[in-house]
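Let me begin by presenting the structure, written as structure tokens, before commenting on it.
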Amino acid sequence: AIKRIDDTFQELDLKFPPREVDIAPKLACVKALMTINTLDLLIDGWLSPRMRKRLFGTAEITYDEITGTMHGEGFKTLAYIPFDAVCLNTNGIFQKFNDGWAAVFYKIAEILRRGQVPTVQRVKDIFTRNYNRNYEIFIEKG
């Protein structure tokens, strides 16, 4: 039998969707302990250079995994797509969807390369300026 994610959450007695946590108070406490030099290194006031580097590496590796450039085999990372999204697409997941998903990670890496935080809005703005049909298919189906 196929399990839905909310069934798994119910079995584990977890709330679905998980509640949002406001990190602003905790971030304010941490920032109060930082030196001016350390604060100046933060991107958009919160992203550290070390975390930017990790996110950048993850975005590039994920793009390579999705496109198959890493091991010569693409389409292997469907496990990361929420099961509900896969089930909604009764015709299956196609290459254009996969390519659109890969394009998102490519753009995230591009934003990080410019020294910015890859917010949802920044990713959407890039695709608004540079039309990508595969991205549109990914958004429509995902």
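Going through the structure tokens in order, the chains are called A, B, and so on, while each chain numbers its residues from 1 and the ligands are numbered from 1 in the order shown.
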
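Excluding region 22-37 of chain A itself and same-chain residues fewer than 6 positions from it, the residues having an atom within 12 Å of it are Gly45, Trp46, Leu47 and Ser48 of chain A, counting only C-alpha atoms.
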
Using only C-alpha atoms, please write the residues we just selected to a file, as an mmCIF file, in the first residue's frame.
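Done, and the output landed in again-v8.cif:
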```
data_model
loop_
_atom_site.group_PDB
_atom_site.id
_atom_site.type_symbol
_atom_site.label_atom_id
_atom_site.label_comp_id
_atom_site.auth_asym_id
_atom_site.auth_seq_id
_atom_site.Cartn_x
_atom_site.Cartn_y
_atom_site.Cartn_z
ATOM 1 C CA GLY A 45 21.827 40.250 7.742
ATOM 2 C CA TRP A 46 21.649 36.564 8.601
ATOM 3 C CA LEU A 47 23.321 34.112 6.165
ATOM 4 C CA SER A 48 26.882 33.312 7.148
#
```

Measuring atom to atom with only C-alpha atoms, identify which of A:Pro49, A:Leu42, A:Asp99, A:Gln10 is nearest to Ile137 (chain A).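 The closest residue to Ile137 (chain A) is A:Asp99.
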
Atom pair CA of Ile126 (chain A) / CA of Gly68 (chain A): separation (Å):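 According to the coordinates, CA of Ile126 (chain A) and CA of Gly68 (chain A) are separated by 23.4 Å.
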
Quick one: residues within 7 Å of region 102-108 of chain A, only C-alpha atoms, excluding same-chain residues fewer than 6 positions away - as a PyMOL selection string? chain A and resi 59-60+62-63+66-67+118+123+135

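With only C-alpha atoms as the atoms that count, the minimum distance from Glu110 (chain A) to the choices A:Arg122, A:Leu41, A:Asp13, A:Arg133 is reached by A:Arg122.
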
Considering only C-alpha atoms, state which residue in the set A:Ile139, A:Leu55, A:Ile61, A:Val117 is at the smallest distance from Ile43 (chain A). A:Val117
